[in-house]
$ cat run01.cif   # mmCIF, C-alpha atoms
data_my_file
loop_
_atom_site.label_atom_id
_atom_site.label_comp_id
_atom_site.auth_asym_id
_atom_site.auth_seq_id
_atom_site.Cartn_x
_atom_site.Cartn_y
_atom_site.Cartn_z
CA LEU Q 1 154.19 42.45 -30.87
CA ARG Q 2 156.94 44.85 -31.86
CA TYR Q 3 158.28 47.72 -29.76
CA LYS Q 4 159.94 50.72 -31.40
CA THR Q 5 162.26 53.39 -29.97
CA GLU Q 6 164.20 56.37 -31.34
CA GLY Q 7 167.30 58.25 -30.26
CA VAL Q 8 169.19 61.32 -31.49
CA LEU Q 9 172.97 61.11 -31.63
CA SER Q 10 174.83 64.43 -31.83
CA MET Q 11 177.68 64.21 -34.36
CA GLU Q 12 178.46 67.05 -36.74
CA MET Q 13 179.41 65.78 -40.21
CA GLY Q 14 179.79 66.89 -43.78
CA THR Q 15 177.96 65.30 -46.69
CA ALA Q 16 180.93 63.26 -47.88
CA GLU Q 17 181.72 62.17 -44.33
CA TYR Q 18 178.20 60.90 -43.70
CA LYS Q 19 178.17 58.94 -46.94
CA ARG Q 20 181.49 57.34 -46.11
CA PHE Q 21 180.53 56.54 -42.52
CA SER Q 22 177.09 55.20 -43.45
CA GLU Q 23 178.47 52.89 -46.13
CA LEU Q 24 180.87 51.37 -43.61
CA ALA Q 25 178.25 51.17 -40.87
CA ASN Q 26 175.80 49.39 -43.21
CA ASP Q 27 178.38 46.75 -44.11
CA ALA Q 28 177.58 43.36 -42.57
CA THR Q 29 181.26 42.46 -42.14
CA THR Q 30 181.94 45.66 -40.21
CA ALA Q 31 178.91 45.10 -37.97
CA ARG Q 32 179.88 41.48 -37.34
CA GLN Q 33 183.42 42.47 -36.40
CA TYR Q 34 182.21 45.11 -33.97
CA ALA Q 35 179.67 42.68 -32.48
CA SER Q 36 182.46 40.17 -31.85
CA VAL Q 37 184.37 42.78 -29.80
CA PHE Q 38 181.35 44.50 -28.20
CA PRO Q 39 178.40 42.03 -28.20
CA PRO Q 40 174.91 43.57 -28.43
CA PRO Q 41 173.10 43.46 -25.08
CA ASP Q 42 170.37 40.84 -24.51
CA LEU Q 43 171.09 39.14 -27.88
CA LYS Q 44 172.66 35.77 -28.62
CA GLY Q 45 173.36 33.61 -31.64
CA VAL Q 46 170.57 33.88 -34.17
CA GLU Q 47 169.35 37.16 -32.73
CA VAL Q 48 172.75 38.76 -33.35
CA GLU Q 49 172.73 37.59 -36.98
CA ARG Q 50 169.22 38.96 -37.38
CA LEU Q 51 170.41 42.32 -36.01
CA ILE Q 52 173.35 42.33 -38.44
CA LYS Q 53 170.96 41.75 -41.33
CA THR Q 54 168.86 44.66 -40.08
CA VAL Q 55 171.97 46.85 -39.91
CA ALA Q 56 172.90 45.91 -43.48
CA THR Q 57 169.57 47.28 -44.76
CA GLY Q 58 170.58 50.80 -43.69
CA GLY Q 59 167.15 51.82 -42.48
CA TRP Q 60 168.16 52.24 -38.84
CA HIS Q 61 169.75 55.70 -39.15
CA LYS Q 62 168.88 58.97 -40.85
CA PRO Q 63 170.90 62.22 -40.88
CA ILE Q 64 169.56 65.38 -39.27
CA PRO Q 65 170.40 68.42 -41.46
CA LYS Q 66 171.23 71.78 -39.97
CA ILE Q 67 168.57 73.47 -42.09
CA SER Q 68 165.66 71.32 -43.22
CA ARG Q 69 163.44 71.97 -46.22
CA ALA Q 70 160.73 73.32 -43.98
CA ASP Q 71 163.18 75.76 -42.38
CA ALA Q 72 164.39 76.85 -45.80
CA LYS Q 73 160.81 77.61 -46.85
CA GLU Q 74 160.01 79.59 -43.72
CA LEU Q 75 163.24 81.60 -43.52
CA PRO Q 76 163.92 84.35 -46.06
CA ASP Q 77 166.87 83.91 -48.38
CA VAL Q 78 168.69 86.84 -46.79
CA LEU Q 79 168.57 85.24 -43.34
CA LEU Q 80 169.81 81.94 -44.76
CA GLN Q 81 172.74 83.68 -46.43
CA LEU Q 82 173.60 85.51 -43.20
CA GLU Q 83 173.42 82.28 -41.23
CA GLN Q 84 175.68 80.46 -43.68
CA GLU Q 85 178.14 83.36 -43.73
CA ARG Q 86 178.20 83.42 -39.91
CA GLU Q 87 178.93 79.69 -39.84
CA ARG Q 88 181.75 80.08 -42.33
CA ASN Q 89 183.26 82.93 -40.29
CA SER Q 90 183.04 80.95 -37.06
CA GLU Q 91 184.66 77.94 -38.69
CA ARG Q 92 187.39 80.17 -40.11
CA ASP Q 93 188.03 81.70 -36.67
CA ALA Q 94 188.18 78.25 -35.07
CA LYS Q 95 190.87 77.04 -37.43
CA ASP Q 96 194.48 77.36 -36.36
CA GLY Q 97 195.94 77.66 -39.86
CA ARG Q 98 197.27 74.12 -40.31
CA GLU Q 99 196.81 72.35 -43.62
CA MET Q 100 194.57 69.68 -42.15
CA ASP Q 101 192.11 72.25 -40.80
CA LYS Q 102 191.92 73.95 -44.20
CA ARG Q 103 190.56 70.71 -45.63
CA SER Q 104 187.95 70.28 -42.91
CA PRO Q 105 184.50 69.67 -44.39
CA VAL Q 106 181.65 72.11 -43.99
CA THR Q 107 179.21 70.85 -41.37
CA VAL Q 108 175.91 69.95 -43.02
CA TYR Q 109 174.40 67.45 -40.55
CA LEU Q 110 173.98 67.91 -36.81
CA GLY Q 111 173.74 64.20 -36.08
CA LEU Q 112 171.70 61.05 -36.59
CA ARG Q 113 168.25 59.81 -35.74
CA LEU Q 114 168.48 56.13 -34.78
CA THR Q 115 165.47 53.79 -34.78
CA HIS Q 116 165.09 50.15 -33.80
CA THR Q 117 162.28 47.64 -33.24
CA ALA Q 118 162.34 44.48 -31.14
CA PRO Q 119 159.89 42.15 -29.38
CA GLU Q 120 160.97 43.29 -25.86
CA PRO Q 121 160.79 46.92 -24.67
CA GLN Q 122 164.00 46.81 -22.60
CA GLN Q 123 165.85 45.04 -25.38
CA VAL Q 124 164.90 47.60 -28.01
CA ALA Q 125 166.28 50.48 -25.90
CA ASN Q 126 169.55 48.65 -25.16
CA VAL Q 127 170.14 47.67 -28.77
CA ALA Q 128 169.38 51.20 -30.01
CA SER Q 129 172.04 52.54 -27.63
CA TRP Q 130 174.42 49.88 -28.95
CA LEU Q 131 173.74 51.04 -32.50
CA GLY Q 132 174.71 54.59 -31.52
CA ASP Q 133 177.99 53.36 -30.04
CA TYR Q 134 178.55 51.28 -33.16
CA PHE Q 135 178.16 54.27 -35.48
CA LYS Q 136 180.51 56.34 -33.31
CA ASP Q 137 183.10 53.58 -33.42
CA VAL Q 138 182.83 53.25 -37.20
CA ALA Q 139 183.23 57.02 -37.62
CA THR Q 140 186.26 57.03 -35.31
CA ARG Q 141 187.96 54.17 -37.10
CA GLU Q 142 187.37 55.68 -40.54
CA ALA Q 143 188.58 59.11 -39.39
CA VAL Q 144 191.77 57.54 -38.00
CA ARG Q 145 192.34 55.59 -41.21
CA GLU Q 146 191.85 58.73 -43.31
CA GLN Q 147 194.20 60.71 -41.06
CA VAL Q 148 196.95 58.08 -41.34
CA SER Q 149 196.50 58.02 -45.13
CA ARG Q 150 196.85 61.80 -45.15
CA TRP Q 151 200.07 61.54 -43.13
CA LYS Q 152 201.45 58.98 -45.58
CA ALA Q 153 200.50 61.04 -48.64
CA GLU Q 154 201.96 64.20 -47.14
CA ASN Q 155 205.23 62.44 -46.26
CA ARG Q 156 205.54 60.86 -49.69
CA ARG Q 157 204.66 64.07 -51.52
CA PHE Q 158 207.17 66.06 -49.48
CA SER Q 159 209.93 63.50 -50.02
CA ASP Q 160 209.43 63.61 -53.79
CA ARG Q 161 209.76 67.41 -53.92
CA ALA Q 162 212.17 68.19 -51.09
CA LEU Q 163 215.42 67.57 -52.98
CA GLU Q 164 214.16 69.49 -56.00
CA ARG Q 165 213.23 72.50 -53.86
CA LYS Q 166 216.55 72.43 -52.03
CA LEU Q 167 218.56 72.38 -55.25
CA LYS Q 168 216.47 75.24 -56.63
CA PHE Q 169 217.06 77.36 -53.50
CA GLU Q 170 220.80 76.72 -53.66
CA PHE Q 171 220.87 77.71 -57.34
CA ASP Q 172 218.88 80.88 -56.59
CA ILE Q 173 221.39 81.80 -53.88
CA GLN Q 174 224.27 81.36 -56.32
CA GLN Q 175 222.52 83.53 -58.88
CA ALA Q 176 221.81 86.28 -56.36
CA GLN Q 177 225.37 86.19 -55.04
CA THR Q 178 226.78 86.39 -58.57
CA ARG Q 179 224.55 89.38 -59.30
CA ALA Q 180 225.57 91.04 -56.02
CA THR Q 181 229.28 90.57 -56.81
CA ALA Q 182 228.83 92.16 -60.22
CA LEU Q 183 226.88 95.06 -58.74
CA LYS Q 184 229.60 95.68 -56.17
CA THR Q 185 232.08 96.11 -59.02
CA ILE Q 186 229.78 98.62 -60.70
CA VAL Q 187 229.24 100.57 -57.49
CA ALA Q 188 232.99 100.68 -56.87
CA ALA Q 189 233.55 101.99 -60.39
CA TYR Q 190 231.08 104.88 -59.86
CA PRO Q 191 231.48 106.07 -56.25
CA ASP Q 192 229.87 109.46 -56.90
CA ALA Q 193 226.65 107.86 -58.13
CA ALA Q 194 226.59 105.62 -55.07
CA ARG Q 195 226.92 108.61 -52.70
CA ARG Q 196 224.07 110.48 -54.40
CA ASP Q 197 221.76 107.46 -54.21
CA SER Q 198 219.66 107.73 -51.05
CA GLN Q 199 216.44 106.21 -52.36
CA GLN Q 200 214.72 103.67 -50.10
CA VAL Q 201 214.56 100.18 -51.56
CA VAL Q 202 211.22 98.47 -51.05
CA ASP Q 203 211.26 95.62 -53.56
CA VAL Q 204 213.51 94.80 -56.48
CA ARG Q 205 211.94 92.64 -59.16
CA LYS Q 206 213.23 91.30 -62.40
CA ASP Q 207 210.86 93.46 -64.40
CA ASN Q 208 211.83 96.79 -62.79
CA GLU Q 209 215.41 96.38 -61.59
CA LYS Q 210 216.88 97.94 -64.75
CA PHE Q 211 215.16 101.23 -63.90
CA MET Q 212 216.86 101.39 -60.48
CA SER Q 213 220.36 102.45 -59.53
CA PRO Q 214 223.15 99.86 -59.08
CA MET Q 215 223.23 100.50 -55.33
CA SER Q 216 219.49 99.76 -55.03
CA GLN Q 217 219.94 96.62 -57.09
CA LEU Q 218 222.84 95.57 -54.86
CA VAL Q 219 220.75 95.98 -51.71
CA GLY Q 220 217.95 94.02 -53.36
CA ALA Q 221 220.28 91.18 -54.34
CA GLU Q 222 221.71 90.94 -50.82
CA SER Q 223 218.19 90.94 -49.38
CA GLU Q 224 217.18 88.22 -51.81
CA VAL Q 225 220.06 86.03 -50.59
CA ILE Q 226 218.90 86.50 -47.00
CA ASP Q 227 215.31 85.62 -47.91
CA ILE Q 228 216.28 82.49 -49.84
CA ARG Q 229 218.54 81.34 -46.99
CA GLU Q 230 215.60 81.67 -44.59
CA ARG Q 231 213.43 79.55 -46.86
CA LEU Q 232 216.22 77.01 -47.25
CA GLN Q 233 216.60 76.82 -43.48
CA LYS Q 234 212.86 76.24 -43.13
CA LEU Q 235 213.05 73.52 -45.78
CA ASP Q 236 215.89 71.80 -43.92
CA ARG Q 237 213.76 71.84 -40.78
CA GLU Q 238 210.83 70.27 -42.65
CA ILE Q 239 213.17 67.62 -44.10
CA GLU Q 240 214.33 66.78 -40.60
CA GLN Q 241 210.71 66.48 -39.40
CA GLN Q 242 209.51 64.35 -42.30
CA THR Q 243 212.54 62.05 -41.99
CA PHE Q 244 211.75 61.58 -38.31
CA VAL Q 245 208.07 60.71 -38.87
CA LYS Q 246 208.59 58.49 -41.91
CA SER Q 247 208.99 55.27 -39.91
CA LEU Q 248 206.36 56.47 -37.42
CA VAL Q 249 203.76 56.83 -40.17
CA LEU Q 250 204.44 53.29 -41.37
CA GLU Q 251 203.98 51.98 -37.81
CA ALA Q 252 200.77 54.00 -37.47
CA ASP Q 253 199.44 52.52 -40.72
CA THR Q 254 200.11 48.99 -39.49
CA ALA Q 255 198.50 49.75 -36.13
CA ALA Q 256 195.39 51.24 -37.76
CA ASN Q 257 194.98 48.20 -40.02
CA ASN Q 258 195.34 45.77 -37.11
CA ALA Q 259 192.89 47.62 -34.84
CA GLN Q 260 189.67 45.80 -33.98
CA SER Q 261 187.60 48.90 -33.38
CA GLY Q 262 187.70 52.68 -33.44
CA ASN Q 263 188.67 52.90 -29.77
CA ASP Q 264 191.40 50.36 -30.38
CA SER Q 265 192.78 52.33 -33.34
CA VAL Q 266 193.03 55.51 -31.25
CA ARG Q 267 194.66 53.60 -28.42
CA GLN Q 268 197.21 51.89 -30.67
CA LEU Q 269 198.14 55.12 -32.47
CA SER Q 270 198.56 56.84 -29.11
CA GLY Q 271 200.96 54.07 -28.15
CA VAL Q 272 202.94 54.55 -31.37
CA ILE Q 273 203.25 58.29 -30.73
CA THR Q 274 204.25 57.68 -27.10
CA GLU Q 275 207.03 55.33 -28.16
CA ALA Q 276 208.22 57.81 -30.78
CA SER Q 277 208.41 60.56 -28.14
CA LYS Q 278 211.20 58.61 -26.45
CA LYS Q 279 213.34 58.97 -29.61
CA VAL Q 280 212.95 62.73 -30.03
CA LYS Q 281 216.30 64.55 -30.28
CA THR Q 282 215.51 68.06 -31.54
CA GLU Q 283 212.80 70.67 -31.11
CA ALA Q 284 211.81 70.28 -34.76
CA GLU Q 285 211.07 66.59 -34.22
CA ARG Q 286 209.15 67.38 -31.05
CA GLU Q 287 207.05 69.99 -32.88
CA LYS Q 288 206.08 67.52 -35.61
CA LEU Q 289 205.26 64.79 -33.11
CA LEU Q 290 203.04 67.16 -31.14
CA SER Q 291 201.26 68.05 -34.39
CA LEU Q 292 200.48 64.38 -35.05
CA ALA Q 293 199.29 63.94 -31.48
CA ALA Q 294 197.01 66.97 -31.85
CA ASP Q 295 195.49 65.48 -35.02
CA LEU Q 296 194.71 62.25 -33.17
CA SER Q 297 193.33 64.10 -30.14
CA GLN Q 298 190.99 66.08 -32.40
CA ILE Q 299 189.55 62.85 -33.82
CA SER Q 300 189.12 61.34 -30.37
CA ALA Q 301 187.44 64.45 -29.01
CA ARG Q 302 185.12 64.81 -31.98
CA PHE Q 303 183.83 61.25 -32.32
CA LEU Q 304 184.31 59.75 -28.86
CA SER Q 305 183.81 62.63 -26.43
CA GLN Q 306 181.59 65.18 -28.17
CA ALA Q 307 179.40 62.64 -30.01
CA GLN Q 308 176.72 61.83 -27.44
CA PHE Q 309 173.00 61.04 -27.29
CA VAL Q 310 171.07 64.27 -26.90
CA ALA Q 311 167.90 62.15 -26.77
CA LYS Q 312 168.60 58.66 -25.48
CA PRO Q 313 166.51 55.75 -26.77
CA SER Q 314 163.72 55.28 -24.25
CA ILE Q 315 161.92 52.12 -23.19
CA PRO Q 316 158.59 52.09 -25.09
CA SER Q 317 155.49 51.69 -22.94
CA ALA Q 318 153.27 50.23 -25.67
CA PRO Q 319 153.87 48.04 -28.71
CA GLU Q 320 154.07 49.58 -32.14
CA ARG Q 321 150.73 49.95 -33.90
CA PRO Q 322 150.32 48.46 -37.35
CA THR Q 323 150.79 50.94 -40.16
CA PRO Q 324 147.86 51.98 -42.37
CA LEU Q 325 149.36 49.97 -45.21
CA MET Q 326 149.48 46.85 -43.06
CA VAL Q 327 145.88 47.39 -41.94
CA SER Q 328 144.80 47.81 -45.57
CA LEU Q 329 146.56 44.59 -46.57
CA LEU Q 330 144.94 42.65 -43.72
CA VAL Q 331 141.49 43.99 -44.61
CA ALA Q 332 142.04 43.17 -48.28
CA MET Q 333 143.17 39.62 -47.47
CA SER Q 334 140.22 39.08 -45.14
CA ALA Q 335 137.79 40.36 -47.79
CA ALA Q 336 139.39 38.11 -50.41
CA ILE Q 337 139.04 35.05 -48.15
CA LEU Q 338 135.41 35.85 -47.35
CA ALA Q 339 134.62 36.42 -51.04
CA ALA Q 340 136.21 33.07 -51.96
CA LEU Q 341 134.21 31.28 -49.25
CA PHE Q 342 131.01 32.91 -50.49
CA LEU Q 343 131.65 31.99 -54.14
CA TRP Q 344 132.65 28.42 -53.36
CA ARG Q 345 130.11 27.82 -50.62
CA ARG Q 346 128.16 25.12 -52.54
CA MET Q 347 131.37 23.25 -53.43
CA ILE Q 348 132.55 23.39 -49.82
CA ILE Q 349 129.16 22.17 -48.52
CA ASP Q 350 129.11 19.30 -51.05
CA LEU Q 351 132.62 18.25 -50.05
CA LEU Q 352 131.75 18.31 -46.36
CA TRP Q 353 128.49 16.36 -47.00
CA ARG Q 354 130.30 13.76 -49.15
CA ASP Q 355 132.98 13.31 -46.52
CA ALA Q 356 130.37 12.85 -43.77
CA THR Q 357 128.44 10.30 -45.91
CA GLU Q 358 131.54 8.21 -46.61
CA LYS Q 359 132.38 8.08 -42.91
CA THR Q 360 128.87 6.79 -42.03
#

$ encode --input "run01.cif" --output "structure tokens"
Amino acid sequence: LRYKTEGVLSMEMGTAEYKRFSELANDATTARQYASVFPPPDLKGVEVERLIKTVATGGWHKPIPKISRADAKELPDVLLQLEQERERNSERDAKDGREMDKRSPVTVYLGLRLTHTAPEPQQVANVASWLGDYFKDVATREAVREQVSRWKAENRRFSDRALERKLKFEFDIQQAQTRATALKTIVAAYPDAARRDSQQVVDVRKDNEKFMSPMSQLVGAESEVIDIRERLQKLDREIEQQTFVKSLVLEADTAANNAQSGNDSVRQLSGVITEASKKVKTEAEREKLLSLAADLSQISARFLSQAQFVAKPSIPSAPERPTPLMVSLLVAMSAAILAALFLWRRMIIDLLWRDATEKT
């Protein structure tokens, strides 16, 4: 007899996220590693290996879309468009403007439907709950790994361009100052024109500066120097932050690779950030460290706290009934056996009679 149970795990995901998580969760090596840290309940030895083989087939989970095909058929296209637009607006309002949030995937799936069969009713419910925890752990570990890779790529990309940007800003300042010095000479040479010029300067661009008075151009050049200095100061702050987190990102990468589970990866990265907080010297470094801590907290909240069973796997009260296909196969096999016995009845009777005669 086989008992079957189902459970619904709430975990909002995008299409690419689900594919990535499911591929990892269906890997036998990943399942075996998680089982070594968190053994499945009521299973030992051969039963654990049998469960891992079942996990590798991938038939134990199925995503639950936000809008199914049946919903799409019943709802008018206008309502679907309004619903999608409302979701996009809510997601846009929830974002805080950081680069990581801009790359957040659009939520397509609400969660997973988990199924499992086993010979014992209590065992099937316990193992199904273990499968839900396993998928959450895989999603957490992959999200942490992706976040650390993003930190590394951002740090490397910034380091490659920082010096180039700084040199460009310094050159732009020199050009603006040279232009301002020349304009001051022109204004001093024509004081009457400078006194008559009372026009407000809004923006001075390369394509329209020749149509403006020297005094307006001078104000624009001085303003440009101020603007470039502000951007250069911001760049210096970013250089300070990226220099501070460079070694931290390498430590986080090592910690993520050495983690035995998703919970362990979050715990180890939290330890790395805590140790780095003891070395903070400036507010810029503190700001960047808090940003990394917020990224990690978002992953932990999303996959460890918010991801929960909205319908827990229950203990089945009756064994699973055979499917119509199985019943058809059994009937066909029985009919084939009976037909063979009927066709070979004389041969079977002769064999039995011959065997009885030889014994006597």

$ resolve_selection --input "run01.cif" --expression "the PyMOL selection byres ((chain Q and resi 130) around 12)" --output "number ranges by chain"
Q: 7, 9, 31, 34-35, 38-43, 51, 55, 60, 114-116, 123-129, 131-137, 309, 312-313

$ atom_distance --input "run01.cif" --atom1 "CA of Ala294 in chain Q" --atom2 "CA of Ser270 in chain Q"
10.6 Å

$ closest_residue --input "run01.cif" --among "Q:Asp27, Q:Glu17, Q:Glu275, Q:Asp172" --to "Glu142 in chain Q" --atoms "all atoms listed in the file"
Q:Glu17

$ residues_near_point --input "run01.cif" --point "(198.3, 51.9, -43.8)" --cutoff "10 Å" --atoms "all atoms listed in the file" --output "NGL selection string"
:Q and (145-146 or 148-149 or 151-152 or 249-258)

$ closest_residue --input "run01.cif" --among "Q:Val310, Q:Val37, Q:Leu329, Q:Ala284" --to "Glu238 in chain Q" --atoms "all atoms listed in the file"
Q:Ala284
